[in-house]
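Here's the structure we're looking at; comments come further down.
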Amino acid sequence: MLSLNRACLPGRTPIRTVLFMAVWTLTPLLTLPLPASAQDGDTGRVEGRITDAESSTPLPGVQIQVEGTDRRAVSDERGYYVLRDLPIGGATMTVQRLGYAPGSAEVTVEAGERVIRHIQLTSQVIGLDPMVVQSRRTRMVGDPLTLSSIPGSAHFLTLQDLEARKVAHDNVHDILRRIPGVNVQEEDGYGLRPNIGLRGTGVSRSSKVTLMEDGVLVAPAPYAAPAAYYFPVTGRMEAVEVRKGSSQIRYGPRTIGGAINLVSTSIPAERRWELDTRGAENQTLRVRARGGDSGEHFGWLAETYQLRTDGYKKLQGGGDTGFRVSDYIVKFRANTSRDTDRYQELELKLGYHDELSDETYLGLTQEDFQSNPLLRYPASQPDVMDAEQSQIQLRHFLQPSEWLDLTTTLYHNRFARNWYKLHSVLGTGISSVMDDPEGHATELAILQGADSEGDAFFARANNRDYFSQGVQTVLGARLGEGSIRHDLEVGLRLHRDEEDRFQWEDGYRMANGQAVLTSEGTPGTQDNRVGAARAFAAYLQNEMTLGRRWTLVPGIRYEHIELTRTDYPTDAPSRSEPSRVRSTTVSAVTPGLGAVFALEPSTHLFGGVHKGFSPPGPGVSRDTRPEESVSYEVGLRTRRAGVGLQVAGFFSGYSNILGQATLATGEGGAGEMFNGGAARAAGLEASLDHDLGGNGTLAVRVPVSVSYTYSRATFQTDFDSDFGPWGTVEKGDHLPYLPTHQFSAGIGVEDAGWSISLSANGATAMRTQAGQGAVAELESTDRFMTLNLDGETELPGFSGASLYGGIQNLTDRPYVVARRPAGARPGLPRTLFLGVRLAF
């Protein structure tokens, strides 16, 4: 058994680390002018709630500005706003929101006092405003106000939501835990390669979920190889959207569970510069900088995100266990005048992403994990992921008349990666060694650093190139007047993607605890093949408004996919002549129907039924069928008296459920797909938010939020499978990597210029192997609950500057987040971070 003195773990934050974080974080303040002296009584603040004048529904996204000053605010999802550090005396606030008549309010600011000023806005017909229409075509939710008309479970995290709970590494898993019905499985503690499922779908590399950025498919090869070895940097997003049930039929190709859309930073309406820099433990540095501007007929944005860390694991024999990520985005927009009869807009988006991470699939035996969960065996010293991604999007929006609009997007994404990592020792895969360490004592000893002969263990260069390109267009038409109205959408997509594998293995020996290269493999000798897909997709949806109560949304989707796998000889990897070519054609029609009934303006019932579809990959056997499902949901959505609540129940019946044998699941990495017969998934999801101080009775705001998910998914047939997480399955076995209960909760206190919040995330243990009855310790993750504390304060005298910090996993309790593919791996340990934001 190997161990490192865990007694020293509370000392992971030495004084030098704290000083490093402080210096790194506070240095940007040196660029600001010295503040002028001011007394606390020289200013005051105004806050309140903005609501609809007719229904009293809170209005999010309202722009509030004090005339003659640079003081501005945006209302949150509860309609709440606050304006701080206002000069004393009379002031005029201008209030604007798309869909509502502009308003203004007079207020008298009192020195050192808190002035409550509630505002009501009157709605006006703006359904034809180009910005509103374009948002409906390119986003899944778009405007939080449209949530009430969506016939299914939908969630929208705004920029305010994303910044409300701060996390050290912008881990997308931590963000998505707030949304009920989203299942995640941690792997590295950073979320570099997420494992996300929706409503009981598989989580492995998020391959069962339709992933998008700005409405465009973002997986490396969404049809041919959807496993998300690339995922957009969540830290540069301004919103996250999730839709499930019949409401996500617009978004394919995978409509089994749902869709996730990440919304990148929009071009600002006026000149704006922002800098957010952060330091954390383990020499972690994070910088986000962006700037942009708009004129009457143009706009631009430039943004970069940089994150690096030495990692929190301790690699025996020395070496880092962290990563560095560099991400760049630029946008350019040209447009006609907003008030023209024929509005047009053209936006170009260019992006580049580079990652180098010292990550491995090798975990620990249970004994070593209990002794030191942050240990890493020396045989993983060579492991490294080297990846880069580029993207080009060109979007054109045309609104030629009041009732018609057309949005067309051309896109091209390219992703290249080589994850060089430990694969086998003495001819045995590392998954088999870690599944039975006592039966593989010699192999385990080498992994732990025992001297060996040459080529005792092999690292595989999982070298792969991907591209994804296509054109998609959405034609929208608004028909009808009075009590019956139609919002028609017709969408088309022509798409092509490809995965190119050109892999090899290198041999190593262990000498004095160091991995020493002993033989170099020839590229293409381990795997040499190309998987490709061509697809045509179309959908038709009609959102019918029937009076003031009913909204019906029937829709239908069609997918036609041509899949080809071309294998080349591995003993002569020149690719002069293929050794085998296999082609498959898959077509599917997936209808759906959703409905919304308004009990009152702020309370809605929703429900729906739809057919789901998930295609197989290139080169599957003739017996492998597409995964299909029929899903039902019913729910309630309301926001009354400052309380927001959404509750939904769901049921899905799967046939031909698909699993894919990858290195991530503990298989050989061939990527073969297997059918697993029938399965059922059912559950309940709920979310609630409220501001206990929002009615003005308290001197501070006290926002509270809770989300909860109950899930149960079982196989309905007996079968044998070569897919590791399934194995030999009996009817009634539970699907792996799905917790029965999971929750997320948070409470905060906010006052003028400062805030502090405490949040918790937790889940019951997840099986790592299909089964039923009592869960064996070595076939499950740990149940866990992590507490996180963070806070932020404005810096007096520095306009637009704030200091923030926090602690993740406050209790520092270690827990197993994964056992596949090769041993137990830990969640992120306690991590302290400190940052500063500047905006001007």
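Chain labels A, B, ... are given in the sequence in which chains occur in the structure tokens; within each chain residues are numbered consecutively from 1, and ligands are likewise numbered from 1 in the order shown.
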Could you please write out, as JSON, numbers by chain, every residue of segment 343-479 of chain A that DSSP assigns to strand (DSSP E or B)? {"A": [343, 344, 345, 346, 347, 348, 349, 350, 351, 352, 353, 354, 355, 356, 357, 362, 364, 375, 376, 384, 385, 386, 387, 388, 389, 390, 391, 392, 393, 394, 395, 396, 397, 398, 399, 400, 401, 404, 405, 406, 407, 408, 409, 410, 411, 412, 413, 414, 415, 416, 417, 418, 419, 420, 421, 422, 423, 424, 425, 428, 429, 457, 458, 459, 460, 461, 462, 463, 464, 465, 466, 467, 468, 469, 470, 471, 472, 473, 474, 475, 476, 477, 478, 479]}
Go ahead and write the residues just picked, C-alpha atoms, as a PDB file, in the first residue's frame.
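Listing of again-v4.pdb after writing:
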ATOM      1  CA  TYR A 343     -33.910  44.499 -41.073  1.00  0.00           C
ATOM      2  CA  GLN A 344     -30.768  42.453 -41.796  1.00  0.00           C
ATOM      3  CA  GLU A 345     -27.856  41.411 -39.656  1.00  0.00           C
ATOM      4  CA  LEU A 346     -24.649  39.519 -40.410  1.00  0.00           C
ATOM      5  CA  GLU A 347     -22.462  38.255 -37.568  1.00  0.00           C
ATOM      6  CA  LEU A 348     -19.099  36.483 -37.846  1.00  0.00           C
ATOM      7  CA  LYS A 349     -17.749  34.527 -34.907  1.00  0.00           C
ATOM      8  CA  LEU A 350     -14.205  33.139 -34.778  1.00  0.00           C
ATOM      9  CA  GLY A 351     -12.845  31.015 -31.960  1.00  0.00           C
ATOM     10  CA  TYR A 352      -9.709  29.145 -30.966  1.00  0.00           C
ATOM     11  CA  HIS A 353      -9.138  26.848 -27.982  1.00  0.00           C
ATOM     12  CA  ASP A 354      -5.932  25.182 -26.792  1.00  0.00           C
ATOM     13  CA  GLU A 355      -5.537  22.725 -23.925  1.00  0.00           C
ATOM     14  CA  LEU A 356      -2.629  20.855 -22.401  1.00  0.00           C
ATOM     15  CA  SER A 357      -3.595  18.770 -19.388  1.00  0.00           C
ATOM     16  CA  LEU A 362      -5.589   5.662 -13.763  1.00  0.00           C
ATOM     17  CA  LEU A 364      -6.368   4.075  -7.034  1.00  0.00           C
ATOM     18  CA  LEU A 375      -2.236  10.189  -4.689  1.00  0.00           C
ATOM     19  CA  ARG A 376      -1.367   9.362  -8.319  1.00  0.00           C
ATOM     20  CA  VAL A 384      -1.041  14.107 -21.106  1.00  0.00           C
ATOM     21  CA  MET A 385      -3.894  15.455 -23.232  1.00  0.00           C
ATOM     22  CA  ASP A 386      -2.894  17.829 -26.031  1.00  0.00           C
ATOM     23  CA  ALA A 387      -5.886  19.341 -27.816  1.00  0.00           C
ATOM     24  CA  GLU A 388      -6.919  22.320 -29.896  1.00  0.00           C
ATOM     25  CA  GLN A 389     -10.212  23.436 -31.385  1.00  0.00           C
ATOM     26  CA  SER A 390     -11.204  26.147 -33.823  1.00  0.00           C
ATOM     27  CA  GLN A 391     -14.613  27.370 -34.853  1.00  0.00           C
ATOM     28  CA  ILE A 392     -16.102  29.616 -37.504  1.00  0.00           C
ATOM     29  CA  GLN A 393     -19.735  30.710 -37.527  1.00  0.00           C
ATOM     30  CA  LEU A 394     -21.370  33.078 -39.969  1.00  0.00           C
ATOM     31  CA  ARG A 395     -24.974  33.915 -39.168  1.00  0.00           C
ATOM     32  CA  HIS A 396     -27.348  35.965 -41.286  1.00  0.00           C
ATOM     33  CA  PHE A 397     -30.697  37.198 -40.013  1.00  0.00           C
ATOM     34  CA  LEU A 398     -33.330  38.701 -42.280  1.00  0.00           C
ATOM     35  CA  GLN A 399     -36.734  40.073 -41.352  1.00  0.00           C
ATOM     36  CA  PRO A 400     -38.263  41.162 -44.673  1.00  0.00           C
ATOM     37  CA  SER A 401     -41.718  41.832 -43.275  1.00  0.00           C
ATOM     38  CA  LEU A 404     -41.660  36.610 -41.783  1.00  0.00           C
ATOM     39  CA  ASP A 405     -38.026  36.036 -40.772  1.00  0.00           C
ATOM     40  CA  LEU A 406     -35.126  33.860 -41.909  1.00  0.00           C
ATOM     41  CA  THR A 407     -32.023  32.885 -39.910  1.00  0.00           C
ATOM     42  CA  THR A 408     -29.175  31.064 -41.662  1.00  0.00           C
ATOM     43  CA  THR A 409     -25.938  29.875 -40.049  1.00  0.00           C
ATOM     44  CA  LEU A 410     -22.863  28.413 -41.704  1.00  0.00           C
ATOM     45  CA  TYR A 411     -20.457  26.696 -39.334  1.00  0.00           C
ATOM     46  CA  HIS A 412     -17.168  24.834 -39.371  1.00  0.00           C
ATOM     47  CA  ASN A 413     -15.555  23.306 -36.276  1.00  0.00           C
ATOM     48  CA  ARG A 414     -12.255  21.454 -36.177  1.00  0.00           C
ATOM     49  CA  PHE A 415     -10.873  19.567 -33.197  1.00  0.00           C
ATOM     50  CA  ALA A 416      -7.589  17.694 -32.859  1.00  0.00           C
ATOM     51  CA  ARG A 417      -6.433  15.842 -29.785  1.00  0.00           C
ATOM     52  CA  ASN A 418      -3.907  13.307 -28.670  1.00  0.00           C
ATOM     53  CA  TRP A 419      -4.613  11.903 -25.250  1.00  0.00           C
ATOM     54  CA  TYR A 420      -1.422  10.023 -24.498  1.00  0.00           C
ATOM     55  CA  LYS A 421      -2.153   7.827 -21.510  1.00  0.00           C
ATOM     56  CA  LEU A 422      -1.397   4.549 -19.774  1.00  0.00           C
ATOM     57  CA  HIS A 423      -3.211   1.626 -21.378  1.00  0.00           C
ATOM     58  CA  SER A 424      -1.843  -1.742 -20.208  1.00  0.00           C
ATOM     59  CA  VAL A 425       0.765  -3.373 -17.983  1.00  0.00           C
ATOM     60  CA  THR A 428      -3.301  -6.626 -19.084  1.00  0.00           C
ATOM     61  CA  GLY A 429      -5.502  -3.561 -19.445  1.00  0.00           C
ATOM     62  CA  PHE A 457       3.701  -1.141 -19.619  1.00  0.00           C
ATOM     63  CA  PHE A 458       2.375   0.731 -22.633  1.00  0.00           C
ATOM     64  CA  ALA A 459       0.986   4.217 -23.132  1.00  0.00           C
ATOM     65  CA  ARG A 460      -1.402   4.661 -26.019  1.00  0.00           C
ATOM     66  CA  ALA A 461      -1.379   7.765 -28.203  1.00  0.00           C
ATOM     67  CA  ASN A 462      -5.103   8.258 -28.767  1.00  0.00           C
ATOM     68  CA  ASN A 463      -4.455  10.557 -31.692  1.00  0.00           C
ATOM     69  CA  ARG A 464      -7.661  11.751 -33.377  1.00  0.00           C
ATOM     70  CA  ASP A 465      -8.771  14.555 -35.673  1.00  0.00           C
ATOM     71  CA  TYR A 466     -12.348  15.707 -36.067  1.00  0.00           C
ATOM     72  CA  PHE A 467     -14.290  18.169 -38.140  1.00  0.00           C
ATOM     73  CA  SER A 468     -17.920  19.206 -38.156  1.00  0.00           C
ATOM     74  CA  GLN A 469     -19.451  21.546 -40.707  1.00  0.00           C
ATOM     75  CA  GLY A 470     -22.743  22.447 -42.229  1.00  0.00           C
ATOM     76  CA  VAL A 471     -25.458  24.981 -42.823  1.00  0.00           C
ATOM     77  CA  GLN A 472     -28.698  25.345 -40.917  1.00  0.00           C
ATOM     78  CA  THR A 473     -31.595  27.670 -41.563  1.00  0.00           C
ATOM     79  CA  VAL A 474     -34.819  28.486 -39.766  1.00  0.00           C
ATOM     80  CA  LEU A 475     -37.781  30.126 -41.472  1.00  0.00           C
ATOM     81  CA  GLY A 476     -40.287  31.694 -39.106  1.00  0.00           C
ATOM     82  CA  ALA A 477     -43.763  32.957 -39.864  1.00  0.00           C
ATOM     83  CA  ARG A 478     -46.316  34.587 -37.596  1.00  0.00           C
ATOM     84  CA  LEU A 479     -49.886  34.124 -38.747  1.00  0.00           C
TER      85      LEU A 479
END
Any idea what's packed within 8 Å of Gly507 of chain A, counting only C-alpha atoms, ignoring anything in its chain fewer than 6 positions away? Could you give it as a list of chain:residue names?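 Once the nearby chain positions are removed, what remains is A:Gly454, A:Asp455, A:Ala456, A:Phe457, A:Phe458, A:Ala459, A:Leu517, A:Thr518, A:Ser519, A:Glu520, A:Gly521.
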Output N, CA, C and O atoms for every residue in the selection just made, as an mmCIF file, in the first residue's frame.
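Saved result, part_17.cif, follows:
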data_model
loop_
_atom_site.group_PDB
_atom_site.id
_atom_site.type_symbol
_atom_site.label_atom_id
_atom_site.label_comp_id
_atom_site.auth_asym_id
_atom_site.auth_seq_id
_atom_site.Cartn_x
_atom_site.Cartn_y
_atom_site.Cartn_z
ATOM 1 N N GLY A 454 11.969 -3.755 -19.697
ATOM 2 C CA GLY A 454 11.527 -2.869 -20.764
ATOM 3 C C GLY A 454 10.176 -3.277 -21.332
ATOM 4 O O GLY A 454 9.834 -4.468 -21.355
ATOM 5 N N ASP A 455 9.414 -2.326 -21.777
ATOM 6 C CA ASP A 455 8.083 -2.540 -22.356
ATOM 7 C C ASP A 455 7.146 -3.282 -21.402
ATOM 8 O O ASP A 455 6.267 -4.024 -21.812
ATOM 9 N N ALA A 456 7.343 -3.058 -20.104
ATOM 10 C CA ALA A 456 6.451 -3.688 -19.127
ATOM 11 C C ALA A 456 5.062 -3.056 -19.164
ATOM 12 O O ALA A 456 4.067 -3.722 -18.886
ATOM 13 N N PHE A 457 5.005 -1.786 -19.482
ATOM 14 C CA PHE A 457 3.701 -1.141 -19.619
ATOM 15 C C PHE A 457 3.712 -0.221 -20.834
ATOM 16 O O PHE A 457 4.764 0.260 -21.278
ATOM 17 N N PHE A 458 2.511 -0.013 -21.380
ATOM 18 C CA PHE A 458 2.375 0.731 -22.633
ATOM 19 C C PHE A 458 1.443 1.925 -22.444
ATOM 20 O O PHE A 458 0.421 1.844 -21.752
ATOM 21 N N ALA A 459 1.832 3.026 -23.047
ATOM 22 C CA ALA A 459 0.986 4.217 -23.132
ATOM 23 C C ALA A 459 0.481 4.323 -24.564
ATOM 24 O O ALA A 459 1.248 4.167 -25.522
ATOM 25 N N LEU A 517 10.966 5.633 -21.192
ATOM 26 C CA LEU A 517 10.575 5.180 -22.529
ATOM 27 C C LEU A 517 11.574 4.128 -23.033
ATOM 28 O O LEU A 517 12.781 4.339 -23.011
ATOM 29 N N THR A 518 11.050 2.978 -23.495
ATOM 30 C CA THR A 518 11.928 1.916 -23.991
ATOM 31 C C THR A 518 11.662 1.555 -25.447
ATOM 32 O O THR A 518 12.518 0.938 -26.089
ATOM 33 N N SER A 519 10.500 1.889 -25.976
ATOM 34 C CA SER A 519 10.241 1.631 -27.390
ATOM 35 C C SER A 519 9.184 2.610 -27.902
ATOM 36 O O SER A 519 8.273 2.992 -27.164
ATOM 37 N N GLU A 520 9.342 3.013 -29.147
ATOM 38 C CA GLU A 520 8.415 3.956 -29.754
ATOM 39 C C GLU A 520 7.601 3.250 -30.832
ATOM 40 O O GLU A 520 8.161 2.588 -31.712
ATOM 41 N N GLY A 521 6.292 3.399 -30.759
ATOM 42 C CA GLY A 521 5.419 2.788 -31.742
ATOM 43 C C GLY A 521 5.357 3.596 -33.026
ATOM 44 O O GLY A 521 5.758 4.761 -33.081
#
List as a ChimeraX atom specification the protein and nucleic acid residues near Leu301 of chain A, meaning an atom at most 9 Å away when only C-alpha atoms are counted, but skip any in the same chain fewer than 3 places from it. /A:265-268,290-294,329-332
Could you dump the residues just selected with N, CA, C and O atoms as a compact mmCIF listing (two decimals), in the first residue's frame?
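Output below, filename result-v1.txt:
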# COMPACT_ATOMS: atom_id res chain seq x y z
N THR A 265 -20.69 35.24 -24.90
CA THR A 265 -20.85 36.66 -24.63
C THR A 265 -21.36 37.41 -25.86
O THR A 265 -20.81 37.26 -26.95
N SER A 266 -22.39 38.21 -25.67
CA SER A 266 -22.95 39.00 -26.76
C SER A 266 -22.12 40.25 -26.99
O SER A 266 -21.43 40.74 -26.08
N ILE A 267 -22.18 40.76 -28.20
CA ILE A 267 -21.56 42.06 -28.50
C ILE A 267 -22.28 43.12 -27.68
O ILE A 267 -23.51 43.21 -27.71
N PRO A 268 -21.56 43.92 -26.89
CA PRO A 268 -22.24 44.90 -26.02
C PRO A 268 -22.88 46.03 -26.83
O PRO A 268 -22.47 46.32 -27.95
N ARG A 290 -12.30 40.96 -21.73
CA ARG A 290 -13.13 41.16 -22.92
C ARG A 290 -13.43 42.64 -23.10
O ARG A 290 -13.44 43.41 -22.14
N GLY A 291 -13.65 42.99 -24.34
CA GLY A 291 -14.02 44.36 -24.68
C GLY A 291 -14.83 44.37 -25.95
O GLY A 291 -14.71 43.46 -26.79
N GLY A 292 -15.65 45.37 -26.10
CA GLY A 292 -16.48 45.46 -27.29
C GLY A 292 -17.19 46.79 -27.37
O GLY A 292 -17.18 47.59 -26.44
N ASP A 293 -17.84 46.99 -28.51
CA ASP A 293 -18.54 48.26 -28.74
C ASP A 293 -19.55 48.05 -29.86
O ASP A 293 -19.45 47.08 -30.64
N SER A 294 -20.51 48.93 -29.94
CA SER A 294 -21.50 48.91 -31.02
C SER A 294 -21.77 50.32 -31.49
O SER A 294 -21.80 51.27 -30.68
N ILE A 329 -12.10 34.34 -28.47
CA ILE A 329 -13.30 34.54 -29.27
C ILE A 329 -13.32 35.98 -29.79
O ILE A 329 -13.05 36.92 -29.03
N VAL A 330 -13.62 36.15 -31.06
CA VAL A 330 -13.88 37.48 -31.61
C VAL A 330 -15.18 37.41 -32.41
O VAL A 330 -15.50 36.39 -33.02
N LYS A 331 -15.92 38.52 -32.36
CA LYS A 331 -17.18 38.62 -33.11
C LYS A 331 -17.23 39.97 -33.82
O LYS A 331 -16.77 40.99 -33.28
N PHE A 332 -17.81 39.96 -35.02
CA PHE A 332 -18.04 41.17 -35.78
C PHE A 332 -19.49 41.14 -36.29
O PHE A 332 -19.96 40.11 -36.77
From the list A:Leu832, A:Leu444, A:Ala679, A:Ile249, which residue is nearest Ala537 of chain A when using only C-alpha atoms? A:Ile249
Which neighbours of Gly644 of chain A fall inside 6 Å, counting only C-alpha atoms, when residues of the same chain fewer than 4 positions from it are skipped, and could you give them as a PyMOL selection string? chain A and resi 638-639+688-689
Restricting the output to N, CA, C and O atoms, write the selected residues as a PDB file, in the first residue's frame.
ATOM      1  N   THR A 638     -44.594  28.428 -11.872  1.00  0.00           N
ATOM      2  CA  THR A 638     -45.246  29.622 -11.337  1.00  0.00           C
ATOM      3  C   THR A 638     -44.226  30.578 -10.748  1.00  0.00           C
ATOM      4  O   THR A 638     -43.131  30.161 -10.349  1.00  0.00           O
ATOM      5  N   ARG A 639     -44.586  31.835 -10.704  1.00  0.00           N
ATOM      6  CA  ARG A 639     -43.810  32.847  -9.985  1.00  0.00           C
ATOM      7  C   ARG A 639     -44.802  33.840  -9.394  1.00  0.00           C
ATOM      8  O   ARG A 639     -45.384  34.668 -10.093  1.00  0.00           O
ATOM      9  N   LEU A 688     -36.907  25.727  -6.807  1.00  0.00           N
ATOM     10  CA  LEU A 688     -37.585  26.827  -6.117  1.00  0.00           C
ATOM     11  C   LEU A 688     -36.579  27.928  -5.838  1.00  0.00           C
ATOM     12  O   LEU A 688     -35.417  27.645  -5.497  1.00  0.00           O
ATOM     13  N   ASP A 689     -37.004  29.174  -5.982  1.00  0.00           N
ATOM     14  CA  ASP A 689     -36.161  30.306  -5.601  1.00  0.00           C
ATOM     15  C   ASP A 689     -37.024  31.396  -4.996  1.00  0.00           C
ATOM     16  O   ASP A 689     -38.193  31.566  -5.369  1.00  0.00           O
TER      17      ASP A 689
END
Shortest contact to Ser204 of chain A, candidates A:Tyr737, A:Tyr230, A:Tyr708, A:Phe723, atoms counted only C-alpha atoms, goes to A:Tyr737
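Straight-line separation from atom CA of Ile50 of chain A to atom CA of Leu121 of chain A: 7.4 Å.
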Segment 173-380 of chain A: which residues are helix (DSSP H, G or I) by DSSP, as number ranges by chain? A: 173-176, 204-206, 234-236, 245-248, 366-371, 378-380
Hey, can you check how far atom CA of Arg557 of chain A sits from atom CA of Leu738 of chain A? 28.4 Å
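Atom pair atom CA of Gly311 of chain A / atom CA of Tyr190 of chain A: separated by 9.5 Å.
With distances restricted to only C-alpha atoms, A:Asp214 is the closest residue to Arg136 of chain A from A:Asp214, A:Asp500, A:Asp623, A:Asp722.
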Hey, which of A:Ala445, A:Thr570, A:Thr146, A:Thr57 ends up closest to Trp504 of chain A? Count only C-alpha atoms.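 Between A:Ala445, A:Thr570, A:Thr146, A:Thr57, the residue approaching Trp504 of chain A most closely is A:Thr570.
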Which residue is closest to Gly773 of chain A? Choose from A:His734, A:Gly200, A:Met544, A:Asn195 and count only C-alpha atoms.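 Counting only C-alpha atoms, the residue closest to Gly773 of chain A is A:His734.
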So which residues touch Gln742 of chain A within 6 Å, counting only C-alpha atoms, skipping near sequence neighbours fewer than 3 positions away, as a PyMOL selection string? chain A and resi 708-709+762-763
Pick out the closest residue to Val82 of chain A from this set: A:Gly252, A:Gly197, A:Gly753, A:Gly608. Count only C-alpha atoms.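 The answer is A:Gly753, which sits nearest to Val82 of chain A.
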Could you pull the residues within 8 Å of Gln96 of chain A, counting only C-alpha atoms, minus those fewer than 2 positions along the same chain, as a ChimeraX atom specification? /A:62-64,94,98,100-103
So that I have them on file, write out the residues from the current selection with N, CA, C and O atoms, as a PDB file, in the first residue's frame.
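After the write, selection.pdb holds the following:
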ATOM      1  N   VAL A  62     -34.575  43.901 -17.183  1.00  0.00           N
ATOM      2  CA  VAL A  62     -34.913  45.307 -17.396  1.00  0.00           C
ATOM      3  C   VAL A  62     -33.664  46.158 -17.207  1.00  0.00           C
ATOM      4  O   VAL A  62     -32.926  45.997 -16.231  1.00  0.00           O
ATOM      5  N   GLN A  63     -33.415  47.067 -18.134  1.00  0.00           N
ATOM      6  CA  GLN A  63     -32.265  47.964 -18.061  1.00  0.00           C
ATOM      7  C   GLN A  63     -32.670  49.237 -17.318  1.00  0.00           C
ATOM      8  O   GLN A  63     -33.603  49.935 -17.726  1.00  0.00           O
ATOM      9  N   ILE A  64     -31.970  49.549 -16.230  1.00  0.00           N
ATOM     10  CA  ILE A  64     -32.248  50.741 -15.448  1.00  0.00           C
ATOM     11  C   ILE A  64     -31.009  51.613 -15.429  1.00  0.00           C
ATOM     12  O   ILE A  64     -29.902  51.128 -15.160  1.00  0.00           O
ATOM     13  N   THR A  94     -34.277  55.929 -15.949  1.00  0.00           N
ATOM     14  CA  THR A  94     -34.925  55.462 -17.170  1.00  0.00           C
ATOM     15  C   THR A  94     -34.965  53.937 -17.141  1.00  0.00           C
ATOM     16  O   THR A  94     -34.005  53.288 -16.718  1.00  0.00           O
ATOM     17  N   LEU A  98     -37.317  45.148 -23.814  1.00  0.00           N
ATOM     18  CA  LEU A  98     -38.022  44.721 -25.013  1.00  0.00           C
ATOM     19  C   LEU A  98     -39.360  44.107 -24.635  1.00  0.00           C
ATOM     20  O   LEU A  98     -39.452  43.281 -23.737  1.00  0.00           O
ATOM     21  N   TYR A 100     -41.900  46.047 -23.674  1.00  0.00           N
ATOM     22  CA  TYR A 100     -42.584  46.963 -22.766  1.00  0.00           C
ATOM     23  C   TYR A 100     -42.283  48.402 -23.167  1.00  0.00           C
ATOM     24  O   TYR A 100     -41.218  48.723 -23.693  1.00  0.00           O
ATOM     25  N   ALA A 101     -43.272  49.268 -22.907  1.00  0.00           N
ATOM     26  CA  ALA A 101     -43.087  50.680 -23.191  1.00  0.00           C
ATOM     27  C   ALA A 101     -42.014  51.248 -22.267  1.00  0.00           C
ATOM     28  O   ALA A 101     -42.014  50.947 -21.064  1.00  0.00           O
ATOM     29  N   PRO A 102     -41.095  52.057 -22.789  1.00  0.00           N
ATOM     30  CA  PRO A 102     -40.068  52.646 -21.928  1.00  0.00           C
ATOM     31  C   PRO A 102     -40.724  53.471 -20.816  1.00  0.00           C
ATOM     32  O   PRO A 102     -41.783  54.074 -20.996  1.00  0.00           O
ATOM     33  N   GLY A 103     -40.074  53.473 -19.666  1.00  0.00           N
ATOM     34  CA  GLY A 103     -40.614  54.212 -18.537  1.00  0.00           C
ATOM     35  C   GLY A 103     -39.541  55.012 -17.838  1.00  0.00           C
ATOM     36  O   GLY A 103     -38.349  54.916 -18.147  1.00  0.00           O
TER      37      GLY A 103
END
Do a neighbour search on Glu213 of chain A at 7 Å with only C-alpha atoms, toss out local chain neighbours closer than 4 positions, and write the hits as a list in words. Leu217, Val218, Asn261, Leu262 and Val263 of chain A
